[in-house]
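A.B. asks: Sharing query_28.pdb (PDB, C-alpha atoms) below.
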ATOM      1  CA  MET A  98       0.000   0.000   0.000
ATOM      2  CA  ASN A  99       1.358   3.396  -0.926
ATOM      3  CA  ASP A 100      -0.005   6.243   1.172
ATOM      4  CA  GLU A 101       0.296   9.784  -0.039
ATOM      5  CA  ILE A 102       3.236  11.642   1.436
ATOM      6  CA  ILE A 103       2.040  14.701   3.295
ATOM      7  CA  THR A 104       3.773  17.732   1.850
ATOM      8  CA  ASP A 105       1.063  20.367   2.074
ATOM      9  CA  ASN A 106      -1.071  20.528   5.190
ATOM     10  CA  SER A 107      -4.292  22.465   5.542
ATOM     11  CA  ASP A 108      -2.907  23.503   8.927
ATOM     12  CA  VAL A 109       0.180  25.566   8.116
ATOM     13  CA  ASN A 110       1.628  24.797  11.555
ATOM     14  CA  LEU A 111       2.013  21.106  10.742
ATOM     15  CA  GLU A 112       5.125  19.623   9.173
ATOM     16  CA  VAL A 113       6.266  16.066   8.463
ATOM     17  CA  ALA A 114       9.645  14.541   9.314
ATOM     18  CA  THR A 115      10.731  11.081   8.156
ATOM     19  CA  LEU A 116      13.606   9.569  10.135
ATOM     20  CA  GLY A 117      15.384   6.212  10.187
ATOM     21  CA  ALA A 118      17.287   5.392  13.371
ATOM     22  CA  GLY A 119      17.272   1.618  13.613
ATOM     23  CA  CYS A 120      14.299  -0.394  14.811
ATOM     24  CA  PHE A 121      11.175   1.721  14.469
ATOM     25  CA  TRP A 122       9.777   0.301  17.732
ATOM     26  CA  CYS A 123      12.499   2.150  19.661
ATOM     27  CA  VAL A 124      12.189   5.411  17.792
ATOM     28  CA  GLU A 125       8.381   5.406  17.930
ATOM     29  CA  ALA A 126       8.451   4.960  21.712
ATOM     30  CA  ILE A 127      10.738   7.983  22.038
ATOM     31  CA  PHE A 128       9.000  10.388  19.652
ATOM     32  CA  SER A 129       5.477   9.502  20.808
ATOM     33  CA  SER A 130       6.229  11.205  24.120
ATOM     34  CA  ILE A 131       7.503  14.476  22.615
ATOM     35  CA  LYS A 132       5.429  17.637  23.009
ATOM     36  CA  GLY A 133       4.311  18.924  19.621
ATOM     37  CA  VAL A 134       4.361  15.507  17.956
ATOM     38  CA  ILE A 135       0.853  14.953  16.603
ATOM     39  CA  THR A 136       1.193  11.535  14.937
ATOM     40  CA  VAL A 137       3.886   8.910  14.706
ATOM     41  CA  GLN A 138       3.683   6.238  12.010
ATOM     42  CA  SER A 139       6.149   3.390  11.640
ATOM     43  CA  GLY A 140       6.866   2.445   8.054
ATOM     44  CA  TYR A 141       9.318   1.939   5.250
ATOM     45  CA  CYS A 142      10.979   4.443   2.928
ATOM     46  CA  GLY A 143      13.893   4.767   0.532
ATOM     47  CA  GLY A 144      13.708   1.458  -1.292
ATOM     48  CA  LYS A 145      13.800   0.561  -4.930
ATOM     49  CA  LYS A 146      10.719  -1.672  -5.053
ATOM     50  CA  GLU A 147       7.178  -0.408  -5.521
ATOM     51  CA  ASP A 148       5.928  -1.892  -2.276
ATOM     52  CA  ALA A 149       7.274  -2.818   1.112
ATOM     53  CA  ASN A 150       6.329  -4.993   4.033
ATOM     54  CA  TYR A 151       8.217  -6.233   7.073
ATOM     55  CA  GLN A 152       9.190  -9.584   5.584
ATOM     56  CA  LYS A 153      10.490  -8.091   2.320
ATOM     57  CA  VAL A 154      12.308  -5.238   4.052
ATOM     58  CA  CYS A 155      14.012  -7.595   6.542
ATOM     59  CA  SER A 156      15.194  -9.770   3.654
ATOM     60  CA  GLY A 157      17.050  -6.785   2.179
ATOM     61  CA  GLU A 158      15.164  -7.391  -1.073
ATOM     62  CA  THR A 159      13.561  -3.925  -1.256
ATOM     63  CA  GLU A 160      16.386  -1.724   0.134
ATOM     64  CA  HIS A 161      13.837   0.155   2.271
ATOM     65  CA  VAL A 162      14.661   1.535   5.709
ATOM     66  CA  GLU A 163      12.555   1.151   8.840
ATOM     67  CA  VAL A 164      11.477   4.743   9.476
ATOM     68  CA  LEU A 165       9.196   6.858  11.531
ATOM     69  CA  GLN A 166       7.024   9.430   9.813
ATOM     70  CA  ILE A 167       6.287  12.158  12.330
ATOM     71  CA  THR A 168       3.680  14.876  11.929
ATOM     72  CA  PHE A 169       4.488  17.711  14.296
ATOM     73  CA  ASP A 170       3.272  21.175  15.200
ATOM     74  CA  LYS A 171       6.187  23.461  14.420
ATOM     75  CA  THR A 172       4.854  26.085  16.843
ATOM     76  CA  LEU A 173       5.488  23.586  19.679
ATOM     77  CA  ILE A 174       8.706  21.945  18.492
ATOM     78  CA  ARG A 175      11.081  22.949  15.739
ATOM     79  CA  TYR A 176      12.502  20.576  13.133
ATOM     80  CA  ASP A 177      16.045  21.156  14.419
ATOM     81  CA  GLU A 178      14.890  20.152  17.910
ATOM     82  CA  LEU A 179      13.461  16.910  16.483
ATOM     83  CA  LEU A 180      16.827  16.334  14.805
ATOM     84  CA  GLY A 181      18.574  16.802  18.157
ATOM     85  CA  ILE A 182      16.382  14.104  19.666
ATOM     86  CA  PHE A 183      16.895  11.898  16.602
ATOM     87  CA  PHE A 184      20.700  12.090  16.748
ATOM     88  CA  HIS A 185      20.782  11.300  20.455
ATOM     89  CA  SER A 186      18.254   8.462  20.216
ATOM     90  CA  HIS A 187      20.605   6.166  18.308
ATOM     91  CA  ASN A 188      24.217   5.756  17.245
ATOM     92  CA  PRO A 189      24.604   7.724  13.999
ATOM     93  CA  THR A 190      28.168   6.428  13.541
ATOM     94  CA  THR A 191      27.340   2.776  12.851
ATOM     95  CA  LEU A 192      26.679   1.850   9.250
ATOM     96  CA  ASN A 193      23.638  -0.369   8.714
ATOM     97  CA  ARG A 194      23.429  -1.293  12.371
ATOM     98  CA  GLN A 195      21.866  -0.290  15.680
ATOM     99  CA  GLY A 196      22.932  -2.588  18.492
ATOM    100  CA  ASN A 197      22.023  -6.148  17.582
ATOM    101  CA  ASP A 198      19.840  -4.999  14.676
ATOM    102  CA  VAL A 199      21.983  -5.413  11.568
ATOM    103  CA  GLY A 200      21.104  -4.696   7.937
ATOM    104  CA  THR A 201      20.545  -1.810   5.553
ATOM    105  CA  GLN A 202      16.987  -1.462   6.872
ATOM    106  CA  TYR A 203      18.494  -0.159  10.133
ATOM    107  CA  ARG A 204      20.687   2.545   8.602
ATOM    108  CA  SER A 205      20.679   6.056   9.998
ATOM    109  CA  VAL A 206      18.909   8.325   7.522
ATOM    110  CA  ILE A 207      16.972  11.567   7.345
ATOM    111  CA  PHE A 208      14.451  11.731   4.499
ATOM    112  CA  THR A 209      13.818  15.401   3.799
ATOM    113  CA  HIS A 210      10.514  16.881   2.661
ATOM    114  CA  SER A 211      11.887  20.316   1.722
ATOM    115  CA  GLN A 212      15.052  22.260   1.022
ATOM    116  CA  ALA A 213      14.781  23.784   4.521
ATOM    117  CA  GLN A 214      14.792  20.301   6.076
ATOM    118  CA  GLU A 215      17.786  19.256   3.971
ATOM    119  CA  THR A 216      19.696  22.366   5.020
ATOM    120  CA  ALA A 217      18.825  21.787   8.697
ATOM    121  CA  ALA A 218      19.874  18.118   8.528
ATOM    122  CA  LEU A 219      23.217  18.868   6.901
ATOM    123  CA  SER A 220      23.829  21.724   9.362
ATOM    124  CA  ALA A 221      23.070  19.425  12.311
ATOM    125  CA  ILE A 222      25.558  16.829  11.059
ATOM    126  CA  THR A 223      28.210  19.517  10.554
ATOM    127  CA  ALA A 224      27.634  20.987  14.022
ATOM    128  CA  LEU A 225      27.729  17.601  15.769
ATOM    129  CA  THR A 226      30.886  16.673  13.872
ATOM    130  CA  GLN A 227      32.564  19.946  14.841
ATOM    131  CA  GLN A 228      31.521  19.450  18.483
ATOM    132  CA  GLY A 229      33.097  15.982  18.467
ATOM    133  CA  VAL A 230      30.026  14.414  20.090
ATOM    134  CA  TRP A 231      31.078  10.976  18.790
ATOM    135  CA  SER A 232      34.621   9.718  18.299
ATOM    136  CA  GLU A 233      33.676   8.072  14.994
ATOM    137  CA  PRO A 234      32.320   9.917  11.923
ATOM    138  CA  ILE A 235      28.550  10.347  11.544
ATOM    139  CA  VAL A 236      27.291   8.112   8.719
ATOM    140  CA  THR A 237      23.702   9.378   8.701
ATOM    141  CA  GLN A 238      22.467   9.754   5.147
ATOM    142  CA  VAL A 239      20.374  12.730   4.049
ATOM    143  CA  GLU A 240      18.057  11.935   1.140
ATOM    144  CA  LYS A 241      14.942  13.397  -0.430
ATOM    145  CA  VAL A 242      11.845  11.551   0.733
ATOM    146  CA  THR A 243      10.453   8.850  -1.519
ATOM    147  CA  ASP A 244       7.280   6.806  -1.247
ATOM    148  CA  PHE A 245       6.368   5.960   2.338
ATOM    149  CA  TYR A 246       4.735   2.626   3.130
ATOM    150  CA  PRO A 247       3.048   2.338   6.546
ATOM    151  CA  ALA A 248       4.170  -0.656   8.586
ATOM    152  CA  GLU A 249       1.790  -3.439   9.434
ATOM    153  CA  ASP A 250      -0.642  -2.584  12.252
ATOM    154  CA  TYR A 251       1.048  -4.844  14.797
ATOM    155  CA  HIS A 252       4.134  -2.566  14.719
ATOM    156  CA  ASN A 253       2.198   0.517  15.850
ATOM    157  CA  ASP A 254       2.461   1.415  19.548
ATOM    158  CA  TYR A 255       4.566  -1.711  19.987
ATOM    159  CA  PHE A 256       6.358  -0.605  23.144
ATOM    160  CA  ALA A 257       3.155   0.749  24.696
ATOM    161  CA  ARG A 258       1.424  -2.592  24.089
ATOM    162  CA  HIS A 259       4.355  -4.955  24.808
ATOM    163  CA  GLY A 260       6.513  -3.051  27.290
ATOM    164  CA  GLU A 261       7.235  -6.114  29.400
ATOM    165  CA  ALA A 262       8.372  -8.295  26.482
ATOM    166  CA  PRO A 263      12.105  -9.080  26.755
ATOM    167  CA  TYR A 264      13.190  -6.903  23.777
ATOM    168  CA  CYS A 265      11.107  -3.995  25.031
ATOM    169  CA  ALA A 266      12.280  -4.318  28.629
ATOM    170  CA  MET A 267      15.967  -4.772  27.817
ATOM    171  CA  VAL A 268      16.431  -2.576  24.728
ATOM    172  CA  ILE A 269      13.623  -0.055  24.301
ATOM    173  CA  LYS A 270      12.845   0.855  27.919
ATOM    174  CA  PRO A 271      16.409   1.975  28.801
ATOM    175  CA  LYS A 272      16.574   4.076  25.602
ATOM    176  CA  VAL A 273      13.224   5.710  26.342
ATOM    177  CA  GLU A 274      14.202   6.459  29.947
ATOM    178  CA  LYS A 275      17.556   7.915  28.860
ATOM    179  CA  MET A 276      15.913  10.119  26.235
ATOM    180  CA  GLN A 277      13.150  11.263  28.586
ATOM    181  CA  LYS A 278      15.781  12.354  31.090
ATOM    182  CA  ALA A 279      17.917  14.116  28.462
ATOM    183  CA  PHE A 280      14.965  15.868  26.785
ATOM    184  CA  ALA A 281      12.634  16.352  29.761
ATOM    185  CA  GLU A 282      11.699  19.868  28.618
ATOM    186  CA  HIS A 283      10.235  18.413  25.397
ATOM    187  CA  LEU A 284       8.001  15.764  27.007
ATOM    188  CA  LYS A 285       4.236  15.839  26.774
ATOM    189  CA  THR A 286       2.494  16.366  30.080
ATOM    190  CA  ASN A 287      -0.351  14.114  31.120
TER     191      ASN A 287
END
Hey, can you dump this file as structure tokens for me?

C.D. replies:
Amino acid sequence: MNDEIITDNSDVNLEVATLGAGCFWCVEAIFSSIKGVITVQSGYCGGKKEDANYQKVCSGETEHVEVLQITFDKTLIRYDELLGIFFHSHNPTTLNRQGNDVGTQYRSVIFTHSQAQETAALSAITALTQQGVWSEPIVTQVEKVTDFYPAEDYHNDYFARHGEAPYCAMVIKPKVEKMQKAFAEHLKTN
């Protein structure tokens, strides 16, 4: 299924970001709690085939990346702030890998929806490199967005629904807690 990529919103305060930072379960759990984030959709982007699903993407057959498509209110959080969270939510120096998740579908990538997003992404990489945040070079790719394919329903809200499962408890929960502490000022309030 190929959903239309949102590029023009009736609400001018809304913008879309598409980010790949490893397993989308981890990234979704982090960004879902961020103030100003309206929707978070796990999915696939950047491949060469005309469709994508979990099985095909995991096989490497489609060259798609597991991504998160985030609709956000830019009056509540800026794109560069989302990028700050993105870069600190994963290791942008490992090529085609995040922890035990290995393969091109786990590569670090920013799919841009506009020239302003591309400029912001490249500027963020330059600034982080100059600051020496990581000892290894950042390998995050910056590409123009392509077709986005929503992930299967069972991937949505995975951590919220399966928080006690071993992968969630051992991998996702510590990442979420670390990010919530580091970006406390950006968290939604209940």

A.B. asks: Measure the distance from CA of Cys155 (chain A) to CA of Val113 (chain A) in Å and round it to one decimal.

C.D. replies: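 Computing it gives 25.0 Å between the two atoms.
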
A.B. asks: Wanna dump the region 98-152 of chain A-region 196-216 of chain A contacts at 6 Å for me, each residue with its shortest atom pair and the distance in Å to one decimal, counting only C-alpha atoms, ordered by chain and number, as JSON lines?

C.D. replies:
{"residue": "A:Thr115", "atom": "CA", "partner": "A:Phe208", "partner_atom": "CA", "distance": 5.3}
{"residue": "A:Leu116", "atom": "CA", "partner": "A:Ile207", "partner_atom": "CA", "distance": 4.8}
{"residue": "A:Gly117", "atom": "CA", "partner": "A:Val206", "partner_atom": "CA", "distance": 4.9}
{"residue": "A:Ala118", "atom": "CA", "partner": "A:Ser205", "partner_atom": "CA", "distance": 4.8}
{"residue": "A:Gly119", "atom": "CA", "partner": "A:Tyr203", "partner_atom": "CA", "distance": 4.1}

A.B. asks: Expressed in Å to a single decimal, how great is the separation between CA of Tyr151 (chain A) and CA of Leu179 (chain A)?

C.D. replies: 25.5 Å

A.B. asks: Considering all atoms listed in the file, state which residue in the set A:Cys120, A:Ala149, A:Ile182, A:Val137 is at the smallest distance from Ala281 (chain A).

C.D. replies: A:Ile182

A.B. asks: Pick from A:Phe280, A:Trp231, A:Phe128, A:Phe121: nearest to Glu163 (chain A), with only C-alpha atoms counted?

C.D. replies: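 Using only C-alpha atoms, the shortest distance to Glu163 (chain A) belongs to A:Phe121.
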
A.B. asks: Hey, what's within 7 Å of Lys132 (chain A) if we count all atoms listed in the file and toss same-chain stuff fewer than 5 positions away? As a list in words, please?

C.D. replies: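 So the residues in contact are Leu173, His283, Leu284 and Lys285 of chain A.
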
A.B. asks: Write to file, as a tab-separated table (two decimals), in the frame of the given file, the residues of the selection just made, with C-alpha atoms.

C.D. replies:
chain	number	residue	atom	x	y	z
A	173	LEU	CA	5.49	23.59	19.68
A	283	HIS	CA	10.24	18.41	25.40
A	284	LEU	CA	8.00	15.76	27.01
A	285	LYS	CA	4.24	15.84	26.77

A.B. asks: Can you measure CA of Val124 (chain A) to CA of Ala248 (chain A) for me? One decimal in Å is fine.

C.D. replies: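 A separation of 13.6 Å between them.
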
A.B. asks: What would the selection look like, as a list in words, if the PyMOL selection byres ((chain A and resi 257) around 12) were run on the coordinates I just shared?

C.D. replies: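 For this structure, the PyMOL selection byres ((chain A and resi 257) around 12) captures Trp122, Cys123, Glu125, Ala126, Ile127, Ser129, Ser130, Tyr251, His252, Asn253, Asp254, Tyr255, Phe256, Arg258, His259, Gly260, Glu261, Ala262, Cys265, Ala266, Ile269, Lys270 and Val273 of chain A.
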
A.B. asks: Between A:Asp108, A:His187, A:Leu180, A:Glu158, which one has atoms that come closest to Lys275 (chain A), using all atoms listed in the file?

C.D. replies: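 Looking only at the distances to Lys275 (chain A), the closest residue turns out to be A:His187.
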
A.B. asks: Choose the residue, out of A:Phe245, A:Val230, A:Ser186, A:Met267, that has the smallest atom-to-atom separation from Lys146 (chain A); count all atoms listed in the file.

C.D. replies: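 Closest to Lys146 (chain A), using all atoms listed in the file: A:Phe245.
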
A.B. asks: Check what the PyMOL selection byres ((chain A and resi 192) around 7) selects in the file above and give those residues as a ChimeraX atom specification.

C.D. replies: /A:190-191,193-194,204,236

A.B. asks: Would you write out those residues with C-alpha atoms, as a compact mmCIF listing (two decimals), keeping the file's coordinate frame?

C.D. replies:
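Printed below is result.txt as written:
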# COMPACT_ATOMS: atom_id res chain seq x y z
CA THR A 190 28.17 6.43 13.54
CA THR A 191 27.34 2.78 12.85
CA ASN A 193 23.64 -0.37 8.71
CA ARG A 194 23.43 -1.29 12.37
CA ARG A 204 20.69 2.54 8.60
CA VAL A 236 27.29 8.11 8.72
